[in-house]
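The structure file final.pdb is reproduced below (PDB, C-alpha atoms).
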ATOM      1  CA  MET A 166       0.000   0.000   0.000  1.00  0.00           C
ATOM      2  CA  ALA A 167       1.200   3.535  -0.778  1.00  0.00           C
ATOM      3  CA  LEU A 168       0.314   7.144  -0.087  1.00  0.00           C
ATOM      4  CA  PRO A 169       0.868  10.320  -2.132  1.00  0.00           C
ATOM      5  CA  HIS A 170       4.040  12.378  -2.109  1.00  0.00           C
ATOM      6  CA  PHE A 171       2.247  15.516  -3.311  1.00  0.00           C
ATOM      7  CA  LEU A 172      -1.276  16.909  -3.434  1.00  0.00           C
ATOM      8  CA  ILE A 173      -2.898  19.432  -5.754  1.00  0.00           C
ATOM      9  CA  ALA A 174      -4.993  21.002  -3.011  1.00  0.00           C
ATOM     10  CA  GLY A 175      -6.676  23.963  -4.678  1.00  0.00           C
ATOM     11  CA  VAL A 176      -8.622  25.579  -6.006  1.00  0.00           C
ATOM     12  CA  PRO A 177     -11.761  24.634  -7.994  1.00  0.00           C
ATOM     13  CA  LYS A 178     -12.130  26.330 -11.397  1.00  0.00           C
ATOM     14  CA  ALA A 179      -8.490  27.420 -11.433  1.00  0.00           C
ATOM     15  CA  GLY A 180      -7.003  24.915 -13.868  1.00  0.00           C
ATOM     16  CA  THR A 181      -6.473  21.870 -11.663  1.00  0.00           C
ATOM     17  CA  THR A 182      -7.964  19.538 -14.278  1.00  0.00           C
ATOM     18  CA  ALA A 183      -5.527  20.791 -16.914  1.00  0.00           C
ATOM     19  CA  LEU A 184      -2.652  20.538 -14.445  1.00  0.00           C
ATOM     20  CA  HIS A 185      -3.651  16.984 -13.550  1.00  0.00           C
ATOM     21  CA  ALA A 186      -3.761  16.072 -17.242  1.00  0.00           C
ATOM     22  CA  ALA A 187      -0.306  17.589 -17.769  1.00  0.00           C
ATOM     23  CA  LEU A 188       1.347  15.915 -14.779  1.00  0.00           C
ATOM     24  CA  VAL A 189      -0.126  12.526 -15.689  1.00  0.00           C
ATOM     25  CA  ARG A 190       2.142  12.640 -18.743  1.00  0.00           C
ATOM     26  CA  HIS A 191       5.279  13.310 -16.691  1.00  0.00           C
ATOM     27  CA  PRO A 192       7.539  10.224 -16.792  1.00  0.00           C
ATOM     28  CA  ASP A 193       8.556  10.505 -13.134  1.00  0.00           C
ATOM     29  CA  LEU A 194       5.084  11.018 -11.675  1.00  0.00           C
ATOM     30  CA  PHE A 195       2.002   8.911 -11.077  1.00  0.00           C
ATOM     31  CA  LEU A 196      -1.479  10.310 -10.561  1.00  0.00           C
ATOM     32  CA  PRO A 197      -4.497   7.982 -10.383  1.00  0.00           C
ATOM     33  CA  SER A 198      -7.228   8.139 -12.980  1.00  0.00           C
ATOM     34  CA  VAL A 199      -9.640   9.287 -10.260  1.00  0.00           C
ATOM     35  CA  LYS A 200      -8.919  13.001 -10.341  1.00  0.00           C
ATOM     36  CA  GLU A 201     -10.655  13.998  -7.102  1.00  0.00           C
ATOM     37  CA  PRO A 202     -10.612  11.210  -4.503  1.00  0.00           C
ATOM     38  CA  LYS A 203     -11.556  13.717  -1.752  1.00  0.00           C
ATOM     39  CA  PHE A 204     -10.122  11.332   0.839  1.00  0.00           C
ATOM     40  CA  PHE A 205      -8.944  13.987   3.306  1.00  0.00           C
ATOM     41  CA  LEU A 206     -12.227  15.912   3.333  1.00  0.00           C
ATOM     42  CA  THR A 207     -13.790  13.673   5.985  1.00  0.00           C
ATOM     43  CA  ASP A 208     -12.805  11.321   8.794  1.00  0.00           C
ATOM     44  CA  GLY A 209     -15.383   8.807   7.647  1.00  0.00           C
ATOM     45  CA  PRO A 210     -18.293   8.510   5.244  1.00  0.00           C
ATOM     46  CA  PRO A 211     -19.266  11.764   3.517  1.00  0.00           C
ATOM     47  CA  PRO A 212     -22.667  13.375   4.072  1.00  0.00           C
ATOM     48  CA  THR A 213     -25.639  11.940   2.255  1.00  0.00           C
ATOM     49  CA  ARG A 214     -27.574  15.154   1.666  1.00  0.00           C
ATOM     50  CA  GLY A 215     -26.845  18.615   0.362  1.00  0.00           C
ATOM     51  CA  GLY A 216     -27.659  20.858  -2.553  1.00  0.00           C
ATOM     52  CA  PRO A 217     -28.670  19.816  -6.067  1.00  0.00           C
ATOM     53  CA  GLY A 218     -26.436  16.993  -7.258  1.00  0.00           C
ATOM     54  CA  ASP A 219     -24.482  16.761  -3.998  1.00  0.00           C
ATOM     55  CA  ALA A 220     -25.761  13.306  -3.071  1.00  0.00           C
ATOM     56  CA  GLN A 221     -24.326  11.884  -6.298  1.00  0.00           C
ATOM     57  CA  THR A 222     -21.011  13.642  -5.730  1.00  0.00           C
ATOM     58  CA  TYR A 223     -20.758  12.306  -2.189  1.00  0.00           C
ATOM     59  CA  GLN A 224     -21.110   8.772  -3.534  1.00  0.00           C
ATOM     60  CA  GLU A 225     -17.902   9.330  -5.506  1.00  0.00           C
ATOM     61  CA  HIS A 226     -15.791  10.073  -2.409  1.00  0.00           C
ATOM     62  CA  VAL A 227     -12.963   7.622  -1.783  1.00  0.00           C
ATOM     63  CA  TRP A 228     -13.181   7.758   2.008  1.00  0.00           C
ATOM     64  CA  ARG A 229     -11.875   4.350   3.097  1.00  0.00           C
ATOM     65  CA  ARG A 230      -8.111   4.337   3.557  1.00  0.00           C
ATOM     66  CA  GLU A 231      -7.638   0.956   1.915  1.00  0.00           C
ATOM     67  CA  ASP A 232      -9.503   2.163  -1.172  1.00  0.00           C
ATOM     68  CA  TYR A 233      -7.488   5.374  -1.219  1.00  0.00           C
ATOM     69  CA  GLU A 234      -4.150   3.599  -1.001  1.00  0.00           C
ATOM     70  CA  ARG A 235      -5.262   1.168  -3.682  1.00  0.00           C
ATOM     71  CA  LEU A 236      -5.468   4.086  -6.124  1.00  0.00           C
ATOM     72  CA  PHE A 237      -1.677   4.314  -6.026  1.00  0.00           C
ATOM     73  CA  ASP A 238      -0.936   0.602  -6.398  1.00  0.00           C
ATOM     74  CA  PRO A 239      -0.323   0.894 -10.179  1.00  0.00           C
ATOM     75  CA  ALA A 240       2.450   3.459  -9.634  1.00  0.00           C
ATOM     76  CA  PRO A 241       5.745   2.327 -11.234  1.00  0.00           C
ATOM     77  CA  PRO A 242       8.695   1.781  -8.887  1.00  0.00           C
ATOM     78  CA  GLY A 243      10.391   5.065  -8.086  1.00  0.00           C
ATOM     79  CA  ALA A 244       7.566   7.259  -9.365  1.00  0.00           C
ATOM     80  CA  LEU A 245       6.394  10.097  -7.160  1.00  0.00           C
ATOM     81  CA  ARG A 246       2.712   9.696  -6.390  1.00  0.00           C
ATOM     82  CA  GLY A 247       0.185  12.504  -6.269  1.00  0.00           C
ATOM     83  CA  GLU A 248      -3.493  13.314  -6.499  1.00  0.00           C
ATOM     84  CA  ALA A 249      -5.673  16.346  -7.164  1.00  0.00           C
ATOM     85  CA  THR A 250      -8.568  17.335  -4.924  1.00  0.00           C
ATOM     86  CA  PRO A 251      -8.933  21.116  -5.230  1.00  0.00           C
ATOM     87  CA  PHE A 252     -11.180  21.391  -2.167  1.00  0.00           C
ATOM     88  CA  TYR A 253      -8.447  20.529   0.345  1.00  0.00           C
ATOM     89  CA  LEU A 254      -7.343  24.149   0.732  1.00  0.00           C
ATOM     90  CA  HIS A 255     -10.878  25.309   1.535  1.00  0.00           C
ATOM     91  CA  HIS A 256     -11.600  22.488   4.001  1.00  0.00           C
ATOM     92  CA  LEU A 257      -9.451  23.596   6.926  1.00  0.00           C
ATOM     93  CA  ASP A 258      -9.888  20.311   8.793  1.00  0.00           C
ATOM     94  CA  SER A 259      -8.276  18.494   5.883  1.00  0.00           C
ATOM     95  CA  HIS A 260      -4.956  20.248   6.563  1.00  0.00           C
ATOM     96  CA  ALA A 261      -4.517  18.380   9.846  1.00  0.00           C
ATOM     97  CA  ARG A 262      -5.653  15.114   8.276  1.00  0.00           C
ATOM     98  CA  ILE A 263      -3.096  15.445   5.493  1.00  0.00           C
ATOM     99  CA  HIS A 264      -0.319  16.306   7.929  1.00  0.00           C
ATOM    100  CA  ARG A 265      -1.221  13.406  10.174  1.00  0.00           C
ATOM    101  CA  LEU A 266      -0.986  10.851   7.366  1.00  0.00           C
ATOM    102  CA  VAL A 267       1.589  12.359   4.974  1.00  0.00           C
ATOM    103  CA  PRO A 268       3.498  15.038   6.938  1.00  0.00           C
ATOM    104  CA  ASP A 269       6.233  15.320   4.312  1.00  0.00           C
ATOM    105  CA  ALA A 270       3.877  15.843   1.381  1.00  0.00           C
ATOM    106  CA  LYS A 271       4.308  18.749  -0.996  1.00  0.00           C
ATOM    107  CA  ILE A 272       1.246  20.912  -1.553  1.00  0.00           C
ATOM    108  CA  ILE A 273       0.445  22.490  -4.925  1.00  0.00           C
ATOM    109  CA  LEU A 274      -2.040  25.354  -5.156  1.00  0.00           C
ATOM    110  CA  LEU A 275      -3.460  26.940  -8.287  1.00  0.00           C
ATOM    111  CA  LEU A 276      -5.041  30.280  -7.389  1.00  0.00           C
ATOM    112  CA  ARG A 277      -7.273  32.345  -9.637  1.00  0.00           C
ATOM    113  CA  ASP A 278      -8.769  35.825  -9.403  1.00  0.00           C
ATOM    114  CA  PRO A 279     -11.497  35.204  -6.777  1.00  0.00           C
ATOM    115  CA  VAL A 280     -14.211  37.028  -8.735  1.00  0.00           C
ATOM    116  CA  ASP A 281     -13.418  35.197 -11.958  1.00  0.00           C
ATOM    117  CA  ARG A 282     -13.264  31.942 -10.021  1.00  0.00           C
ATOM    118  CA  ALA A 283     -16.643  32.535  -8.389  1.00  0.00           C
ATOM    119  CA  HIS A 284     -18.323  33.465 -11.666  1.00  0.00           C
ATOM    120  CA  SER A 285     -16.838  30.437 -13.420  1.00  0.00           C
ATOM    121  CA  ASN A 286     -18.036  28.252 -10.545  1.00  0.00           C
ATOM    122  CA  TRP A 287     -21.575  29.612 -10.852  1.00  0.00           C
ATOM    123  CA  THR A 288     -21.469  29.233 -14.652  1.00  0.00           C
ATOM    124  CA  HIS A 289     -20.341  25.619 -14.294  1.00  0.00           C
ATOM    125  CA  LEU A 290     -23.290  24.716 -12.083  1.00  0.00           C
ATOM    126  CA  TRP A 291     -25.761  26.838 -14.051  1.00  0.00           C
ATOM    127  CA  THR A 292     -24.870  25.247 -17.390  1.00  0.00           C
ATOM    128  CA  ALA A 293     -24.988  21.807 -15.740  1.00  0.00           C
ATOM    129  CA  GLY A 294     -28.608  22.485 -14.827  1.00  0.00           C
ATOM    130  CA  LEU A 295     -27.917  22.334 -11.084  1.00  0.00           C
ATOM    131  CA  GLU A 296     -27.821  26.016 -10.090  1.00  0.00           C
ATOM    132  CA  PRO A 297     -31.440  27.152  -9.605  1.00  0.00           C
ATOM    133  CA  GLU A 298     -30.560  30.859  -9.419  1.00  0.00           C
ATOM    134  CA  ALA A 299     -30.169  32.560 -12.792  1.00  0.00           C
ATOM    135  CA  ASP A 300     -28.568  35.678 -11.307  1.00  0.00           C
ATOM    136  CA  PHE A 301     -24.953  35.347 -10.206  1.00  0.00           C
ATOM    137  CA  LEU A 302     -25.055  38.004  -7.490  1.00  0.00           C
ATOM    138  CA  THR A 303     -28.261  36.609  -6.034  1.00  0.00           C
ATOM    139  CA  ALA A 304     -26.648  33.182  -5.885  1.00  0.00           C
ATOM    140  CA  CYS A 305     -23.737  34.733  -3.996  1.00  0.00           C
ATOM    141  CA  ARG A 306     -26.114  36.351  -1.514  1.00  0.00           C
ATOM    142  CA  LEU A 307     -27.660  32.937  -0.865  1.00  0.00           C
ATOM    143  CA  GLU A 308     -24.320  31.434   0.141  1.00  0.00           C
ATOM    144  CA  ASP A 309     -24.771  31.613   3.916  1.00  0.00           C
ATOM    145  CA  GLN A 310     -28.255  30.153   3.614  1.00  0.00           C
ATOM    146  CA  ARG A 311     -26.975  27.323   1.452  1.00  0.00           C
ATOM    147  CA  LYS A 312     -24.077  26.598   3.795  1.00  0.00           C
ATOM    148  CA  ALA A 313     -26.485  26.402   6.729  1.00  0.00           C
ATOM    149  CA  ALA A 314     -28.578  23.939   4.728  1.00  0.00           C
ATOM    150  CA  GLY A 315     -25.544  21.704   4.204  1.00  0.00           C
ATOM    151  CA  TRP A 316     -24.864  22.378   0.536  1.00  0.00           C
ATOM    152  CA  ALA A 317     -21.421  21.129  -0.512  1.00  0.00           C
ATOM    153  CA  ALA A 318     -18.360  23.352  -0.816  1.00  0.00           C
ATOM    154  CA  PHE A 319     -18.691  23.716  -4.589  1.00  0.00           C
ATOM    155  CA  TRP A 320     -21.678  25.984  -3.897  1.00  0.00           C
ATOM    156  CA  HIS A 321     -19.563  28.316  -1.743  1.00  0.00           C
ATOM    157  CA  TYR A 322     -18.758  30.736  -4.536  1.00  0.00           C
ATOM    158  CA  LEU A 323     -17.325  33.436  -2.288  1.00  0.00           C
ATOM    159  CA  ASP A 324     -15.806  31.366   0.490  1.00  0.00           C
ATOM    160  CA  LEU A 325     -13.774  29.240  -1.907  1.00  0.00           C
ATOM    161  CA  GLY A 326     -11.963  32.399  -2.998  1.00  0.00           C
ATOM    162  CA  ARG A 327     -10.915  33.606   0.454  1.00  0.00           C
ATOM    163  CA  TYR A 328      -7.395  32.308  -0.014  1.00  0.00           C
ATOM    164  CA  GLY A 329      -5.638  34.388   2.628  1.00  0.00           C
ATOM    165  CA  ALA A 330      -7.112  32.729   5.702  1.00  0.00           C
ATOM    166  CA  GLN A 331      -6.988  29.306   4.074  1.00  0.00           C
ATOM    167  CA  VAL A 332      -3.317  29.519   3.098  1.00  0.00           C
ATOM    168  CA  LYS A 333      -2.416  30.945   6.505  1.00  0.00           C
ATOM    169  CA  HIS A 334      -4.065  27.933   8.140  1.00  0.00           C
ATOM    170  CA  LEU A 335      -2.325  25.554   5.734  1.00  0.00           C
ATOM    171  CA  TYR A 336       1.056  27.039   6.686  1.00  0.00           C
ATOM    172  CA  GLU A 337       0.427  26.000  10.278  1.00  0.00           C
ATOM    173  CA  TYR A 338       0.880  22.425   9.076  1.00  0.00           C
ATOM    174  CA  PHE A 339       3.008  22.768   5.949  1.00  0.00           C
ATOM    175  CA  PRO A 340       5.645  25.508   5.713  1.00  0.00           C
ATOM    176  CA  ALA A 341       5.819  27.667   2.624  1.00  0.00           C
ATOM    177  CA  SER A 342       8.904  25.727   1.530  1.00  0.00           C
ATOM    178  CA  ARG A 343       6.691  22.665   1.014  1.00  0.00           C
ATOM    179  CA  CYS A 344       3.995  24.551  -0.878  1.00  0.00           C
ATOM    180  CA  CYS A 345       3.984  25.678  -4.503  1.00  0.00           C
ATOM    181  CA  SER A 346       1.439  28.372  -5.364  1.00  0.00           C
ATOM    182  CA  CYS A 347       0.751  29.451  -8.944  1.00  0.00           C
ATOM    183  CA  ALA A 348      -1.504  32.273 -10.101  1.00  0.00           C
ATOM    184  CA  THR A 349      -3.372  30.945 -13.109  1.00  0.00           C
ATOM    185  CA  TRP A 350      -4.250  34.438 -14.354  1.00  0.00           C
ATOM    186  CA  SER A 351      -0.637  34.625 -15.591  1.00  0.00           C
ATOM    187  CA  CYS A 352      -1.097  31.591 -17.837  1.00  0.00           C
ATOM    188  CA  GLY A 353      -2.288  33.571 -20.842  1.00  0.00           C
ATOM    189  CA  ARG A 354       1.119  35.158 -21.385  1.00  0.00           C
ATOM    190  CA  HIS A 355       3.208  32.275 -20.020  1.00  0.00           C
ATOM    191  CA  PRO A 356       1.166  29.078 -20.508  1.00  0.00           C
ATOM    192  CA  ARG A 357       4.056  26.734 -19.751  1.00  0.00           C
ATOM    193  CA  ARG A 358       5.332  28.438 -16.592  1.00  0.00           C
ATOM    194  CA  PRO A 359       2.792  27.224 -13.975  1.00  0.00           C
ATOM    195  CA  TRP A 360       2.990  23.631 -15.198  1.00  0.00           C
ATOM    196  CA  THR A 361       6.779  23.757 -15.174  1.00  0.00           C
ATOM    197  CA  ARG A 362       6.836  25.148 -11.633  1.00  0.00           C
ATOM    198  CA  CYS A 363       4.390  22.541 -10.384  1.00  0.00           C
ATOM    199  CA  ALA A 364       6.226  19.676 -12.040  1.00  0.00           C
ATOM    200  CA  ARG A 365       9.499  20.917 -10.597  1.00  0.00           C
ATOM    201  CA  SER A 366       7.920  21.176  -7.171  1.00  0.00           C
ATOM    202  CA  SER A 367       6.523  17.660  -7.258  1.00  0.00           C
ATOM    203  CA  ALA A 368       9.330  15.891  -9.094  1.00  0.00           C
ATOM    204  CA  SER A 369      12.398  18.143  -8.783  1.00  0.00           C
ATOM    205  CA  THR A 370      13.176  17.608 -12.465  1.00  0.00           C
ATOM    206  CA  PRO A 371      14.660  19.963 -15.075  1.00  0.00           C
ATOM    207  CA  ALA A 372      12.235  22.170 -16.949  1.00  0.00           C
ATOM    208  CA  SER A 373      13.086  20.408 -20.208  1.00  0.00           C
ATOM    209  CA  SER A 374      11.425  17.207 -18.999  1.00  0.00           C
ATOM    210  CA  THR A 375       8.171  18.733 -17.830  1.00  0.00           C
ATOM    211  CA  SER A 376       4.915  18.511 -19.710  1.00  0.00           C
ATOM    212  CA  SER A 377       3.034  21.451 -21.117  1.00  0.00           C
ATOM    213  CA  PRO A 378      -0.751  21.616 -20.783  1.00  0.00           C
ATOM    214  CA  PRO A 379      -2.461  19.240 -23.225  1.00  0.00           C
ATOM    215  CA  ARG A 380      -3.631  20.899 -26.411  1.00  0.00           C
ATOM    216  CA  THR A 381      -7.102  19.560 -25.728  1.00  0.00           C
ATOM    217  CA  SER A 382      -7.403  21.406 -22.406  1.00  0.00           C
ATOM    218  CA  PRO A 383      -9.291  24.711 -22.233  1.00  0.00           C
ATOM    219  CA  ALA A 384      -7.163  27.734 -23.054  1.00  0.00           C
ATOM    220  CA  PRO A 385      -6.094  29.727 -19.986  1.00  0.00           C
ATOM    221  CA  TRP A 386      -7.333  33.286 -19.635  1.00  0.00           C
ATOM    222  CA  THR A 387      -6.295  36.471 -17.948  1.00  0.00           C
ATOM    223  CA  THR A 388      -8.282  39.207 -16.274  1.00  0.00           C
ATOM    224  CA  PRO A 389      -6.163  42.062 -14.884  1.00  0.00           C
ATOM    225  CA  ALA A 390      -7.323  43.581 -11.621  1.00  0.00           C
ATOM    226  CA  SER A 391      -8.035  46.877 -13.401  1.00  0.00           C
ATOM    227  CA  THR A 392     -10.438  45.264 -15.885  1.00  0.00           C
ATOM    228  CA  PRO A 393     -13.849  47.035 -15.967  1.00  0.00           C
ATOM    229  CA  ARG A 394     -16.579  44.734 -14.693  1.00  0.00           C
ATOM    230  CA  CYS A 395     -20.328  44.700 -15.039  1.00  0.00           C
ATOM    231  CA  ALA A 396     -21.982  46.109 -11.916  1.00  0.00           C
ATOM    232  CA  THR A 397     -24.670  43.436 -12.155  1.00  0.00           C
ATOM    233  CA  CYS A 398     -22.862  40.173 -12.854  1.00  0.00           C
ATOM    234  CA  CYS A 399     -19.236  41.130 -12.001  1.00  0.00           C
ATOM    235  CA  ALA A 400     -17.965  39.589 -15.246  1.00  0.00           C
ATOM    236  CA  PRO A 401     -15.580  41.561 -17.487  1.00  0.00           C
ATOM    237  CA  VAL A 402     -17.488  43.892 -19.781  1.00  0.00           C
ATOM    238  CA  PRO A 403     -17.262  43.546 -23.568  1.00  0.00           C
ATOM    239  CA  GLY A 404     -14.316  45.359 -25.089  1.00  0.00           C
ATOM    240  CA  SER A 405     -12.345  45.388 -21.823  1.00  0.00           C
ATOM    241  CA  GLY A 406      -9.542  43.296 -23.293  1.00  0.00           C
ATOM    242  CA  SER A 407     -10.101  40.387 -20.918  1.00  0.00           C
ATOM    243  CA  THR A 408      -9.847  36.868 -22.311  1.00  0.00           C
ATOM    244  CA  PHE A 409     -12.223  35.581 -19.632  1.00  0.00           C
ATOM    245  CA  PRO A 410     -14.364  32.941 -21.395  1.00  0.00           C
ATOM    246  CA  TYR A 411     -17.708  33.996 -19.899  1.00  0.00           C
ATOM    247  CA  PRO A 412     -18.038  37.764 -20.436  1.00  0.00           C
ATOM    248  CA  CYS A 413     -20.950  39.871 -19.353  1.00  0.00           C
ATOM    249  CA  ALA A 414     -24.185  38.874 -21.098  1.00  0.00           C
ATOM    250  CA  ARG A 415     -24.226  42.239 -22.846  1.00  0.00           C
ATOM    251  CA  SER A 416     -21.589  40.862 -25.212  1.00  0.00           C
ATOM    252  CA  SER A 417     -24.326  38.829 -26.881  1.00  0.00           C
ATOM    253  CA  GLY A 418     -26.868  41.624 -26.848  1.00  0.00           C
ATOM    254  CA  ALA A 419     -28.777  40.202 -23.901  1.00  0.00           C
ATOM    255  CA  ARG A 420     -29.741  42.261 -20.896  1.00  0.00           C
ATOM    256  CA  CYS A 421     -27.386  41.479 -18.057  1.00  0.00           C
TER
END
Take the structure in the file and give it back as structure tokens.
Amino acid sequence: MALPHFLIAGVPKAGTTALHAALVRHPDLFLPSVKEPKFFLTDGPPPTRGGPGDAQTYQEHVWRREDYERLFDPAPPGALRGEATPFYLHHLDSHARIHRLVPDAKIILLLRDPVDRAHSNWTHLWTAGLEPEADFLTACRLEDQRKAAGWAAFWHYLDLGRYGAQVKHLYEYFPASRCCSCATWSCGRHPRRPWTRCARSSASTPASSTSSPPRTSPAPWTTPASTPRCATCCAPVPGSGSTFPYPCARSSGARC
């Protein structure tokens, strides 16, 4: 049985799927086909109720240790093992669980502009037919109510982007020297750089042997802090120069 050497611990809608796909191709690394085992999110079985679609998601949790370790059994000898569950940073209790089981693990964080991240999160659930609220800001205002009702973390549009307190808590268990943080809003100009940094952090290999993001992965985007935003939906307004993939609805002539 084996445990991971590194964890991609955050954050949702910041490129962790593309990073996982890139690192899977690295010759010195092994990541299981299950991209989000979510093992460290609970001390036992996950909840059974929540918001729309949460019950199905909870059934996908790999919460038994023997099942979790079995994910890494196919790892070749000498390969560094890792997994990607982008909710670990947000779930503060998971930091202690990770440290208790794999205290020497390296932690990789992909961080994205919190507003862009929140809007992308809402768009993801809205287009999936799960988000019942058609207005982004209204959905954000419902966050406390949804949290009280037990909706899963993926519905916490605002809280998932409060990186400061989360990273500070993580550093209580893992020093900064064991953490690699990359801002994905820089990917548009330097698409290889975050993947190279993360591969170096996890495998300590030369940049020439690292994998670039797969061509089939979504193109990264950038939204500078000074970008004008719609006062209603908070998305970049048309003509602002942002490459954010979900601009304000006014770009299509619709009323935002």
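Compared by their closest atoms to Leu266 (chain A), and using only C-alpha atoms, the residues A:Arg311, A:Lys178, A:His170, A:His185 rank with A:His170 nearest.
The gap separating CA of Leu245 (chain A) from CA of Leu188 (chain A) is 10.8 Å, in Å to one decimal.
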Fill in: Separation of CA of Thr349 (chain A) from CA of Val280 (chain A), in Å and rounded to one decimal
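Answer for the CA of Thr349 (chain A) to CA of Val280 (chain A) separation: 13.2 Å.
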Selection result for the PyMOL selection byres ((chain A and resi 239) around 10) on this file, as a short mmCIF file (atom, residue, chain, number, x, y, z; two decimals) with C-alpha atoms, keeping the file's coordinate frame:
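Below is the file that was written, result_4.cif:
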data_model
loop_
_atom_site.label_atom_id
_atom_site.label_comp_id
_atom_site.auth_asym_id
_atom_site.auth_seq_id
_atom_site.Cartn_x
_atom_site.Cartn_y
_atom_site.Cartn_z
CA ALA A 167 1.20 3.54 -0.78
CA PHE A 195 2.00 8.91 -11.08
CA LEU A 196 -1.48 10.31 -10.56
CA PRO A 197 -4.50 7.98 -10.38
CA ARG A 235 -5.26 1.17 -3.68
CA LEU A 236 -5.47 4.09 -6.12
CA PHE A 237 -1.68 4.31 -6.03
CA ASP A 238 -0.94 0.60 -6.40
CA ALA A 240 2.45 3.46 -9.63
CA PRO A 241 5.74 2.33 -11.23
CA PRO A 242 8.70 1.78 -8.89
#
Show me a table, sorted first by chain and then by increasing residue number, of the residues of region 254-314 of chain A having an atom at most 10 Å from region 322-341 of chain A, each with its shortest atom pair and the distance in Å to one decimal, counting only C-alpha atoms and written as a Markdown table.
| residue | atom | partner | partner_atom | distance |
| --- | --- | --- | --- | --- |
| A:Leu254 | CA | A:Gln331 | CA | 6.2 |
| A:His255 | CA | A:Leu325 | CA | 6.0 |
| A:His256 | CA | A:Gln331 | CA | 8.2 |
| A:Leu257 | CA | A:Gln331 | CA | 6.8 |
| A:Asp258 | CA | A:His334 | CA | 9.6 |
| A:Ser259 | CA | A:Leu335 | CA | 9.2 |
| A:His260 | CA | A:Leu335 | CA | 6.0 |
| A:Ala261 | CA | A:Tyr338 | CA | 6.8 |
| A:Arg262 | CA | A:Tyr338 | CA | 9.8 |
| A:Ile263 | CA | A:Tyr338 | CA | 8.8 |
| A:His264 | CA | A:Tyr338 | CA | 6.3 |
| A:Arg265 | CA | A:Tyr338 | CA | 9.3 |
| A:Pro268 | CA | A:Phe339 | CA | 7.8 |
| A:Asp269 | CA | A:Phe339 | CA | 8.3 |
| A:Ala270 | CA | A:Phe339 | CA | 8.3 |
| A:Lys271 | CA | A:Phe339 | CA | 8.1 |
| A:Ile272 | CA | A:Phe339 | CA | 7.9 |
| A:Leu274 | CA | A:Val332 | CA | 9.3 |
| A:Leu276 | CA | A:Tyr328 | CA | 8.0 |
| A:Arg277 | CA | A:Gly326 | CA | 8.1 |
| A:Asp278 | CA | A:Gly326 | CA | 7.9 |
| A:Pro279 | CA | A:Gly326 | CA | 4.7 |
| A:Val280 | CA | A:Gly326 | CA | 7.7 |
| A:Asp281 | CA | A:Gly326 | CA | 9.5 |
| A:Arg282 | CA | A:Gly326 | CA | 7.2 |
| A:Ala283 | CA | A:Tyr322 | CA | 4.7 |
| A:His284 | CA | A:Tyr322 | CA | 7.6 |
| A:Ser285 | CA | A:Tyr322 | CA | 9.1 |
| A:Asn286 | CA | A:Tyr322 | CA | 6.5 |
| A:Trp287 | CA | A:Tyr322 | CA | 7.0 |
| A:Phe301 | CA | A:Tyr322 | CA | 9.6 |
| A:Ala304 | CA | A:Tyr322 | CA | 8.4 |
| A:Cys305 | CA | A:Tyr322 | CA | 6.4 |
| A:Arg306 | CA | A:Leu323 | CA | 9.3 |
| A:Leu307 | CA | A:Tyr322 | CA | 9.9 |
| A:Glu308 | CA | A:Tyr322 | CA | 7.3 |
| A:Asp309 | CA | A:Asp324 | CA | 9.6 |
Fill in: Option closest in space to Pro297 (chain A), from A:Ser346, A:Gly216, A:Arg230, A:Tyr253 [counting only C-alpha atoms]
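Of all the options, A:Gly216 lies closest to Pro297 (chain A).
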Worksheet entry | Atomic separation - CA of Gly215 (chain A) relative to CA of Lys312 (chain A), Å |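 Atom-to-atom, CA of Lys312 (chain A) and CA of Gly215 (chain A) are spaced 9.1 Å apart.
Compared by their closest atoms to Tyr233 (chain A), and using only C-alpha atoms, the residues A:Leu290, A:Pro251, A:Asp219, A:Phe205 rank with A:Phe205 nearest.
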Practice prompt. Please tell me which residues are no farther than 10 Å from (-5.1, 18.1, -15.0) in the file, counting only C-alpha atoms, and write them as a PyMOL selection string.
Written response: chain A and resi 173+180-190+196+200+248-249+360+378-379+382
Worksheet entry | Radius query 7 Å about (10.3, 9.1, -10.0), atoms used: all atoms listed in the file, as a ChimeraX atom specification | /A:193-194,243-245,368
Worksheet item: For Val199 (chain A), which of A:Arg214, A:Trp228, A:Gly175, A:Thr250 is the closest residue, counting only C-alpha atoms?
Response: A:Thr250
Fill in: Shell around Glu225 (chain A) at 9 Å using all atoms listed in the file, local window under 4 positions removed, as a ChimeraX atom specification
/A:201-203,221
